[in-house]
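Below is structure_31.cif, holding mmCIF, C-alpha atoms and all ligand atoms.
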```cif
data_coords
#
loop_
_atom_site.label_atom_id
_atom_site.label_comp_id
_atom_site.auth_asym_id
_atom_site.auth_seq_id
_atom_site.Cartn_x
_atom_site.Cartn_y
_atom_site.Cartn_z
CA MET A 1 -0.65 -47.20 14.47
CA ILE A 2 -1.24 -43.53 13.77
CA PRO A 3 2.21 -41.86 13.73
CA GLU A 4 0.98 -38.82 15.70
CA LEU A 5 0.28 -41.11 18.65
CA SER A 6 4.05 -41.19 19.13
CA ASN A 7 4.18 -37.39 19.58
CA PRO A 8 5.93 -36.37 22.81
CA SER A 9 2.70 -34.86 24.20
CA VAL A 10 0.81 -38.17 23.95
CA CYS A 11 0.40 -40.38 27.02
CA MET A 12 -1.68 -43.55 27.07
CA ARG A 13 -2.25 -46.01 29.87
CA ASP A 14 -3.11 -48.78 27.42
CA PRO A 15 -1.94 -48.14 23.83
CA GLN A 16 -3.11 -51.59 22.78
CA ARG A 17 -6.66 -50.76 23.87
CA VAL A 18 -6.52 -47.49 21.91
CA GLN A 19 -5.47 -49.45 18.88
CA GLU A 20 -8.38 -51.87 19.30
CA ILE A 21 -10.93 -49.09 19.67
CA LEU A 22 -9.57 -47.35 16.57
CA GLN A 23 -9.70 -50.54 14.57
CA SER A 24 -13.30 -51.28 15.58
CA MET A 25 -14.30 -47.75 14.67
CA VAL A 26 -12.55 -47.77 11.33
CA LYS A 27 -14.15 -51.09 10.51
CA ALA A 28 -17.61 -49.74 11.36
CA GLY A 29 -17.04 -46.79 9.02
CA SER A 30 -17.08 -43.03 9.48
CA ASN A 31 -20.84 -42.93 8.87
CA THR A 32 -21.24 -44.56 12.30
CA VAL A 33 -19.12 -41.94 14.08
CA GLN A 34 -20.10 -38.83 16.02
CA VAL A 35 -17.83 -36.38 17.80
CA ILE A 36 -18.65 -34.83 21.15
CA SER A 37 -16.32 -32.10 22.34
CA ASP A 38 -16.00 -29.67 25.17
CA PHE A 39 -15.21 -26.08 24.15
CA ASP A 40 -13.16 -24.03 26.59
CA MET A 41 -9.57 -25.24 26.82
CA THR A 42 -10.41 -28.19 24.55
CA LEU A 43 -11.23 -26.59 21.20
CA THR A 44 -9.70 -23.31 22.38
CA ARG A 45 -6.11 -22.85 23.45
CA PHE A 46 -5.11 -22.87 27.10
CA ALA A 47 -2.19 -20.49 26.58
CA TYR A 48 -0.38 -18.60 23.84
CA ASN A 49 3.15 -17.25 24.22
CA GLY A 50 3.00 -18.01 27.92
CA LYS A 51 -0.22 -16.04 28.45
CA ARG A 52 -3.51 -17.70 29.39
CA CYS A 53 -6.21 -17.62 26.73
CA PRO A 54 -9.77 -16.67 27.70
CA THR A 55 -12.73 -18.96 28.29
CA CYS A 56 -16.17 -17.88 27.00
CA HIS A 57 -16.84 -16.29 30.37
CA ASN A 58 -13.44 -14.55 30.37
CA ILE A 59 -14.13 -13.09 26.91
CA LEU A 60 -17.08 -11.23 28.39
CA ASP A 61 -15.42 -10.56 31.76
CA ASN A 62 -12.47 -8.82 30.10
CA SER A 63 -14.59 -6.77 27.71
CA LYS A 64 -15.56 -3.14 27.89
CA LEU A 65 -19.19 -4.15 28.49
CA ILE A 66 -18.31 -4.91 32.12
CA SER A 67 -17.73 -2.20 34.73
CA GLU A 68 -14.39 -2.09 36.57
CA GLU A 69 -16.11 -2.93 39.83
CA CYS A 70 -17.78 -5.98 38.33
CA LYS A 71 -14.50 -7.07 36.70
CA GLU A 72 -12.89 -7.09 40.14
CA LYS A 73 -15.66 -9.28 41.51
CA LEU A 74 -15.48 -11.70 38.58
CA LYS A 75 -11.72 -11.91 38.99
CA GLU A 76 -12.16 -12.69 42.67
CA LEU A 77 -14.55 -15.50 41.76
CA LEU A 78 -12.04 -16.90 39.26
CA ASN A 79 -9.23 -16.72 41.81
CA THR A 80 -11.40 -18.50 44.37
CA TYR A 81 -13.04 -21.20 42.30
CA TYR A 82 -10.63 -22.07 39.47
CA PRO A 83 -8.08 -23.53 41.94
CA ILE A 84 -10.94 -25.66 43.30
CA GLU A 85 -11.93 -26.78 39.78
CA ILE A 86 -8.44 -28.18 39.18
CA ASP A 87 -7.71 -29.38 42.71
CA SER A 88 -6.97 -33.09 42.46
CA SER A 89 -7.17 -33.57 46.23
CA ARG A 90 -10.92 -32.88 46.28
CA SER A 91 -13.57 -35.27 45.00
CA ILE A 92 -16.11 -34.33 42.35
CA GLU A 93 -18.84 -34.62 45.02
CA GLU A 94 -17.04 -32.05 47.11
CA LYS A 95 -16.44 -29.71 44.18
CA LEU A 96 -19.91 -29.91 42.65
CA PRO A 97 -21.79 -27.50 44.98
CA LEU A 98 -18.86 -25.09 44.77
CA MET A 99 -18.96 -25.10 40.99
CA VAL A 100 -22.71 -24.40 41.07
CA GLU A 101 -21.89 -21.51 43.39
CA TRP A 102 -19.27 -20.16 40.93
CA TRP A 103 -21.54 -20.31 37.89
CA THR A 104 -24.51 -18.87 39.78
CA LYS A 105 -22.56 -15.93 41.18
CA ALA A 106 -20.85 -15.21 37.84
CA HIS A 107 -24.13 -15.27 35.94
CA GLU A 108 -25.78 -13.00 38.51
CA LEU A 109 -22.98 -10.48 38.08
CA LEU A 110 -23.17 -10.64 34.29
CA VAL A 111 -26.93 -10.12 34.31
CA GLN A 112 -26.47 -6.93 36.37
CA GLN A 113 -24.31 -5.46 33.59
CA LYS A 114 -27.10 -4.83 31.08
CA ILE A 115 -25.13 -6.53 28.34
CA ARG A 116 -26.46 -5.89 24.85
CA LYS A 117 -26.83 -8.69 22.37
CA ASP A 118 -25.68 -6.53 19.47
CA MET A 119 -22.33 -5.93 21.19
CA LEU A 120 -21.33 -9.59 21.48
CA ALA A 121 -19.81 -9.91 18.02
CA MET A 122 -17.58 -6.91 18.69
CA VAL A 123 -16.56 -8.29 22.10
CA VAL A 124 -15.48 -11.57 20.54
CA ARG A 125 -13.68 -9.80 17.67
CA GLU A 126 -11.68 -7.68 20.11
CA SER A 127 -10.88 -10.58 22.46
CA ASP A 128 -7.87 -12.87 22.64
CA ALA A 129 -10.06 -15.93 21.96
CA MET A 130 -8.06 -18.54 20.08
CA LEU A 131 -9.06 -21.90 18.73
CA ARG A 132 -6.34 -24.54 18.86
CA GLU A 133 -3.98 -24.84 15.93
CA GLY A 134 -5.47 -27.18 13.36
CA TYR A 135 -9.05 -26.10 14.07
CA GLN A 136 -9.77 -25.43 10.40
CA LEU A 137 -8.94 -28.97 9.35
CA PHE A 138 -10.86 -30.33 12.34
CA PHE A 139 -14.12 -28.51 11.59
CA ASP A 140 -13.86 -28.68 7.79
CA HIS A 141 -13.01 -32.36 7.73
CA LEU A 142 -15.94 -33.28 9.96
CA TYR A 143 -18.23 -31.21 7.76
CA GLU A 144 -16.91 -32.69 4.52
CA HIS A 145 -17.45 -36.18 5.89
CA SER A 146 -20.90 -35.34 7.32
CA ILE A 147 -19.80 -36.33 10.81
CA PRO A 148 -21.91 -34.59 13.45
CA LEU A 149 -20.03 -32.50 15.98
CA LEU A 150 -21.68 -31.74 19.28
CA ILE A 151 -19.97 -28.97 21.22
CA PHE A 152 -21.00 -29.44 24.82
CA SER A 153 -19.94 -26.50 26.89
CA ALA A 154 -20.41 -25.11 30.36
CA GLY A 155 -19.35 -21.79 28.87
CA ILE A 156 -21.71 -19.32 27.19
CA GLY A 157 -23.42 -20.52 24.00
CA ASP A 158 -23.84 -17.06 22.46
CA ILE A 159 -20.11 -16.33 22.83
CA LEU A 160 -18.98 -19.78 21.72
CA GLU A 161 -21.10 -19.60 18.58
CA GLU A 162 -19.67 -16.20 17.76
CA VAL A 163 -16.10 -17.51 18.16
CA ILE A 164 -16.65 -20.33 15.69
CA ARG A 165 -18.72 -18.13 13.36
CA GLN A 166 -15.96 -15.53 13.16
CA ALA A 167 -13.45 -18.32 12.55
CA GLY A 168 -15.61 -19.42 9.61
CA VAL A 169 -16.20 -22.94 10.92
CA PHE A 170 -19.76 -22.89 12.27
CA HIS A 171 -20.83 -25.47 9.69
CA PRO A 172 -24.31 -27.06 9.56
CA ASN A 173 -23.03 -30.32 11.14
CA VAL A 174 -22.23 -28.46 14.38
CA LYS A 175 -24.68 -28.50 17.25
CA VAL A 176 -24.15 -26.72 20.56
CA PHE A 177 -25.37 -27.53 24.08
CA SER A 178 -24.45 -24.69 26.39
CA ASN A 179 -25.70 -21.87 28.59
CA TYR A 180 -27.56 -19.38 26.41
CA MET A 181 -28.35 -15.81 27.28
CA ASP A 182 -31.91 -14.54 27.46
CA PHE A 183 -32.52 -11.00 26.23
CA ASP A 184 -35.51 -8.69 26.64
CA ASP A 185 -37.26 -7.03 23.70
CA SER A 186 -34.69 -4.28 23.55
CA GLY A 187 -31.85 -6.83 23.36
CA VAL A 188 -30.54 -6.49 26.93
CA LEU A 189 -29.41 -9.56 28.90
CA THR A 190 -31.92 -10.44 31.61
CA ALA A 191 -31.08 -14.05 32.53
CA PHE A 192 -29.61 -17.32 31.31
CA LYS A 193 -32.01 -19.78 29.72
CA GLY A 194 -32.93 -23.25 30.90
CA GLU A 195 -30.97 -25.56 33.18
CA LEU A 196 -27.52 -24.36 34.16
CA ILE A 197 -24.68 -26.40 32.69
CA HIS A 198 -21.54 -26.39 34.83
CA ILE A 199 -18.50 -28.62 34.52
CA TYR A 200 -19.86 -31.44 36.67
CA ASN A 201 -23.42 -31.87 35.42
CA LYS A 202 -22.84 -32.62 31.75
CA ARG A 203 -24.37 -36.05 32.28
CA GLU A 204 -27.67 -34.45 33.32
CA GLY A 205 -27.40 -32.04 30.39
CA ALA A 206 -26.88 -34.95 28.02
CA LEU A 207 -29.87 -36.82 29.39
CA LEU A 208 -32.11 -33.77 28.89
CA ASN A 209 -31.30 -33.85 25.18
CA THR A 210 -32.49 -37.32 24.27
CA GLY A 211 -33.92 -36.02 20.99
CA HIS A 212 -30.47 -35.17 19.67
CA PHE A 213 -29.02 -38.55 20.54
CA GLN A 214 -32.09 -40.28 19.15
CA GLU A 215 -31.42 -38.59 15.81
CA LEU A 216 -27.85 -39.84 15.92
CA ARG A 217 -28.69 -43.40 16.94
CA THR A 218 -27.09 -44.78 13.77
CA ARG A 219 -23.77 -43.42 15.03
CA PRO A 220 -22.83 -45.55 18.04
CA ASN A 221 -19.10 -44.81 17.75
CA VAL A 222 -17.99 -41.75 19.65
CA LEU A 223 -14.91 -39.61 19.68
CA LEU A 224 -15.01 -37.60 22.91
CA MET A 225 -12.72 -34.66 23.62
CA GLY A 226 -12.41 -32.76 26.87
CA ASP A 227 -10.05 -31.10 29.31
CA SER A 228 -11.85 -31.74 32.57
CA LEU A 229 -12.84 -34.98 34.27
CA GLY A 230 -16.38 -33.58 34.16
CA ASP A 231 -16.27 -33.82 30.37
CA LEU A 232 -16.18 -37.62 30.54
CA THR A 233 -19.95 -37.78 31.04
CA MET A 234 -20.79 -35.78 27.89
CA ALA A 235 -21.56 -38.96 25.96
CA ASP A 236 -23.88 -40.41 28.61
CA GLY A 237 -26.89 -39.72 26.40
CA VAL A 238 -25.55 -41.69 23.42
CA GLN A 239 -27.83 -44.58 22.57
CA ASP A 240 -26.49 -48.12 22.20
CA MET A 241 -22.89 -46.95 22.28
CA GLU A 242 -20.47 -49.38 20.69
CA ASN A 243 -17.06 -47.74 20.97
CA ILE A 244 -15.83 -44.58 22.58
CA LEU A 245 -12.38 -43.07 22.24
CA LYS A 246 -11.72 -40.39 24.84
CA ILE A 247 -9.07 -37.76 24.22
CA GLY A 248 -8.21 -35.51 27.15
CA PHE A 249 -6.18 -32.33 27.15
CA LEU A 250 -4.17 -31.99 30.34
CA ASN A 251 -3.30 -28.29 30.35
CA ASP A 252 -2.58 -27.36 33.94
CA LYS A 253 -1.27 -28.96 37.16
CA VAL A 254 0.13 -31.77 35.05
CA GLU A 255 2.05 -33.80 37.62
CA GLU A 256 -0.75 -33.83 40.19
CA ARG A 257 -3.46 -34.75 37.73
CA LYS A 258 -1.72 -37.00 35.22
CA GLN A 259 -2.61 -40.30 36.84
CA SER A 260 -6.32 -39.50 37.12
CA TYR A 261 -6.37 -38.39 33.48
CA LEU A 262 -4.57 -41.55 32.36
CA ASP A 263 -7.09 -43.61 34.32
CA SER A 264 -10.07 -42.02 32.60
CA TYR A 265 -9.02 -40.75 29.17
CA ASP A 266 -7.69 -43.20 26.55
CA ILE A 267 -5.33 -40.61 25.11
CA VAL A 268 -3.97 -37.82 27.28
CA LEU A 269 -2.37 -34.83 25.56
CA VAL A 270 -0.02 -33.09 27.94
CA LYS A 271 0.45 -29.37 27.36
CA ASP A 272 -0.39 -29.81 23.70
CA GLU A 273 -1.91 -26.62 22.26
CA THR A 274 -2.83 -28.21 18.93
CA LEU A 275 -5.52 -30.42 17.45
CA GLU A 276 -2.86 -32.45 15.66
CA VAL A 277 -3.68 -35.73 17.41
CA PRO A 278 -7.49 -35.49 17.17
CA ASN A 279 -7.07 -34.54 13.50
CA ALA A 280 -4.84 -37.53 12.85
CA VAL A 281 -7.46 -39.77 14.49
CA LEU A 282 -10.19 -38.24 12.33
CA LEU A 283 -8.19 -38.68 9.15
CA TYR A 284 -7.57 -42.28 10.12
CA LEU A 285 -11.26 -42.89 10.83
CA THR A 286 -12.27 -41.43 7.49
CA GLY A 287 -9.74 -43.51 5.60
CA ASN A 288 -7.47 -40.63 4.65
CA LYS A 289 -4.43 -42.37 6.04
P1 LIG B 301 -16.28 -25.71 29.14
O1 LIG B 301 -17.23 -26.74 29.64
O2 LIG B 301 -16.62 -25.25 27.75
O3 LIG B 301 -14.86 -26.10 29.27
O4 LIG B 301 -16.49 -24.37 30.05
C1 LIG B 301 -16.22 -24.31 31.41
C2 LIG B 301 -15.05 -23.45 31.77
O5 LIG B 301 -15.44 -22.10 32.04
C3 LIG B 301 -14.40 -23.96 33.03
O6 LIG B 301 -13.08 -24.36 32.79
C4 LIG B 301 -14.44 -22.78 33.99
C5 LIG B 301 -14.66 -21.60 33.11
N1 LIG B 301 -15.34 -20.45 33.77
C6 LIG B 301 -14.73 -19.21 33.70
O7 LIG B 301 -13.64 -19.07 33.14
N2 LIG B 301 -15.35 -18.14 34.29
C7 LIG B 301 -16.56 -18.24 34.93
O8 LIG B 301 -17.10 -17.25 35.44
C8 LIG B 301 -17.17 -19.54 34.97
C9 LIG B 301 -18.49 -19.70 35.67
C10 LIG B 301 -16.53 -20.60 34.36
MG MG B 302 -13.18 -27.16 29.19
#
```

Can you give me the file's structure in the form of structure tokens?
Amino acid sequence: MIPELSNPSVCMRDPQRVQEILQSMVKAGSNTVQVISDFDMTLTRFAYNGKRCPTCHNILDNSKLISEECKEKLKELLNTYYPIEIDSSRSIEEKLPLMVEWWTKAHELLVQQKIRKDMLAMVVRESDAMLREGYQLFFDHLYEHSIPLLIFSAGIGDILEEVIRQAGVFHPNVKVFSNYMDFDDSGVLTAFKGELIHIYNKREGALLNTGHFQELRTRPNVLLMGDSLGDLTMADGVQDMENILKIGFLNDKVEERKQSYLDSYDIVLVKDETLEVPNAVLLYLTGNK
């Protein structure tokens, strides 16, 4: 067993099953593995020194590109819809239209702000965006072992890319599915491109990208990482899947949500701000342990 799986933050409903999945994957070899990860609150920290860390949207919302009036409105949306996102008493079916409403309203507000493309790097640089501790090893190790990493995010692709670029880990093995901004000829935001990705339609997003999964068809073993129950469908496009190991970060409302996370994620990391466990799994899968 991987020693890190005994860390106090680790909870597993069926440790034996985790062991079996890991063994099958290690036997198949790391050249059959692909990693699919959510971004906000999965690759980035949930909190630092007791203060919440920003999502992609929050990075923009808190920036000087947004007027005070618009900031108020975005904050109202967050205060209304985030509690719904994490409410364990409501079903996904019930939450879905409300999440569409949140994303639609937030994007409409952002588009009204005439955001300039050439300001995004500065906004990210001046933000409190923080990848989880251990991110360097995570990204570098995947790159060194030519393991594809798909970052599948309902956040904002342009911001997310800038975060990992500035951290020096946007390696060529990284591919991003997310909401991308559309700019006019003078570089001003006019809309978001393509189909909206929100937290509960990642399955549909995955199925729209068959080309990507077709390319990776020789990698039927998946390591999936998320922080929302919506992230569990990110691998629905994977062809002829053999094994999947699902690691879930449970950041907020722990007691209420723990059982549902244990029922759906193989490994649940409770209030763990690091990538220590995913990294240990990766090292194990690549024979470094
Ligand atoms: P993720 O799929 O990369 O985790 O991104 C989704 C997160 O973005 C989700 O937890 C909610 C958050 N969010 C905001 O913080 N502000 C917003 O305006 C919207 C629409 C989403
Ligand atoms: Mg997330």

Write as a ChimeraX atom specification the residues around ligand LIG 301 (chain B), taking 8 Å as the cut-off and counting only C-alpha atoms and all ligand atoms. /A:38-42,54-58,61,74,77-78,82,85,99,102-107,152-156,178,198-199,226-228,231

Export of the given selection (C-alpha atoms) as a PDB file, in the coordinates of the input:
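Result went into selection20.pdb, see below:
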```pdb
ATOM      1  CA  ASP A  38     -16.000 -29.670  25.170  1.00  0.00           C
ATOM      2  CA  PHE A  39     -15.210 -26.080  24.150  1.00  0.00           C
ATOM      3  CA  ASP A  40     -13.160 -24.030  26.590  1.00  0.00           C
ATOM      4  CA  MET A  41      -9.570 -25.240  26.820  1.00  0.00           C
ATOM      5  CA  THR A  42     -10.410 -28.190  24.550  1.00  0.00           C
ATOM      6  CA  PRO A  54      -9.770 -16.670  27.700  1.00  0.00           C
ATOM      7  CA  THR A  55     -12.730 -18.960  28.290  1.00  0.00           C
ATOM      8  CA  CYS A  56     -16.170 -17.880  27.000  1.00  0.00           C
ATOM      9  CA  HIS A  57     -16.840 -16.290  30.370  1.00  0.00           C
ATOM     10  CA  ASN A  58     -13.440 -14.550  30.370  1.00  0.00           C
ATOM     11  CA  ASP A  61     -15.420 -10.560  31.760  1.00  0.00           C
ATOM     12  CA  LEU A  74     -15.480 -11.700  38.580  1.00  0.00           C
ATOM     13  CA  LEU A  77     -14.550 -15.500  41.760  1.00  0.00           C
ATOM     14  CA  LEU A  78     -12.040 -16.900  39.260  1.00  0.00           C
ATOM     15  CA  TYR A  82     -10.630 -22.070  39.470  1.00  0.00           C
ATOM     16  CA  GLU A  85     -11.930 -26.780  39.780  1.00  0.00           C
ATOM     17  CA  MET A  99     -18.960 -25.100  40.990  1.00  0.00           C
ATOM     18  CA  TRP A 102     -19.270 -20.160  40.930  1.00  0.00           C
ATOM     19  CA  TRP A 103     -21.540 -20.310  37.890  1.00  0.00           C
ATOM     20  CA  THR A 104     -24.510 -18.870  39.780  1.00  0.00           C
ATOM     21  CA  LYS A 105     -22.560 -15.930  41.180  1.00  0.00           C
ATOM     22  CA  ALA A 106     -20.850 -15.210  37.840  1.00  0.00           C
ATOM     23  CA  HIS A 107     -24.130 -15.270  35.940  1.00  0.00           C
ATOM     24  CA  PHE A 152     -21.000 -29.440  24.820  1.00  0.00           C
ATOM     25  CA  SER A 153     -19.940 -26.500  26.890  1.00  0.00           C
ATOM     26  CA  ALA A 154     -20.410 -25.110  30.360  1.00  0.00           C
ATOM     27  CA  GLY A 155     -19.350 -21.790  28.870  1.00  0.00           C
ATOM     28  CA  ILE A 156     -21.710 -19.320  27.190  1.00  0.00           C
ATOM     29  CA  SER A 178     -24.450 -24.690  26.390  1.00  0.00           C
ATOM     30  CA  HIS A 198     -21.540 -26.390  34.830  1.00  0.00           C
ATOM     31  CA  ILE A 199     -18.500 -28.620  34.520  1.00  0.00           C
ATOM     32  CA  GLY A 226     -12.410 -32.760  26.870  1.00  0.00           C
ATOM     33  CA  ASP A 227     -10.050 -31.100  29.310  1.00  0.00           C
ATOM     34  CA  SER A 228     -11.850 -31.740  32.570  1.00  0.00           C
ATOM     35  CA  ASP A 231     -16.270 -33.820  30.370  1.00  0.00           C
TER      36      ASP A 231
END
```

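If all atoms listed in the file are the atoms counted, then among A:Ile66, A:Leu120, A:Ile92, A:Ile36 the closest residue to A:Leu150 is A:Ile36.
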
Name all residues at most 9 Å from stretch 133-144 of chain A (count all atoms listed in the file; drop same-chain ones fewer than 6 positions away) and give them as a ChimeraX atom specification. /A:35,43-45,167-174,273-276,278-279,282-283

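Our summary of the geometry notes that atom CA of A:Phe192 is positioned 25.5 Å from atom CA of A:Phe46.
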
Report, as AutoDock Vina command-line options, the axis-aligned box around all atoms of stretch 142-160 of chain A present in the file, extended by 3 Å on each side; give centre and edge lengths in Å to one decimal place.
```
--center_x -19.9 --center_y -26.3 --center_z 17.4 --size_x 13.9 --size_y 26.0 --size_z 31.8
```

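Residues of protein, DNA or RNA having at least one counted atom within 8 Å of (-5.3, -34.4, 33.3), given all atoms listed in the file, are Asp227, Ser228, Leu229, Gly248, Phe249, Leu250, Asn251, Asp252, Lys253, Val254, Arg257, Lys258, Gln259, Ser260, Tyr261, Leu262, Val268 and Val270 of chain A.
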
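Distances to A:Asp236 were evaluated for A:Asp185, A:Asp263, A:Glu215, A:Glu204 using all atoms listed in the file, and the minimum falls at A:Glu204.
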
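The closest residue to A:Met1, picked from A:Arg13, A:Glu195, A:Glu20, A:Ser89 and counting all atoms listed in the file, is A:Glu20.
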
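Note that the spacing between atom CA of A:Lys246 and atom CA of A:Ala280 amounts to 14.1 Å.
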
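Considering the residues A:Tyr81, A:Gly50, A:Met225, A:Tyr284 and counting all atoms listed in the file, ligand MG 302 (chain B) has its shortest atom-to-atom contact with A:Met225.
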
d(atom CA of A:Leu245, atom CA of A:Leu223) in Å: 5.0 Å

Residue with smallest distance to A:Asn179 - pool A:Val100, A:Ile2, A:Leu65, A:Leu196, counting all atoms listed in the file: A:Leu196

Neighbours of A:Lys202 within 7 Å (only C-alpha atoms; same-chain residues fewer than 6 positions away dropped), as a list in words? Gly230, Asp231, Thr233 and Met234 of chain A

Residue list as a list in words for point (-25.2, -6.6, 33.5), cut-off 12 Å, only C-alpha atoms: Leu60, Asp61, Lys64, Leu65, Ile66, Ser67, Glu69, Cys70, Lys71, Ala106, His107, Glu108, Leu109, Leu110, Val111, Gln112, Gln113, Lys114, Ile115, Arg116, Lys117, Met181, Phe183, Val188, Leu189, Thr190, Ala191 and Phe192 of chain A

Could you give me, as an NGL selection string, the residues within 8 Å of A:Gly237, counting all atoms listed in the file and dropping anything in the same chain fewer than 4 positions from it? :A and (203 or 206-207 or 209-210 or 213)

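Taking only C-alpha atoms and all ligand atoms into account, ligand MG 302 (chain B) lies nearest to A:Ile151 out of the set A:Leu208, A:Ile151, A:Cys11, A:Val238.
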
For A:Asn7, list every protein, DNA or RNA residue within 10 Å, evaluated using only C-alpha atoms, and leave out those in the same chain fewer than 3 positions away; present the list as a list in words. Pro3, Glu4, Val10, Cys11, Leu269, Asp272, Glu276 and Val277 of chain A
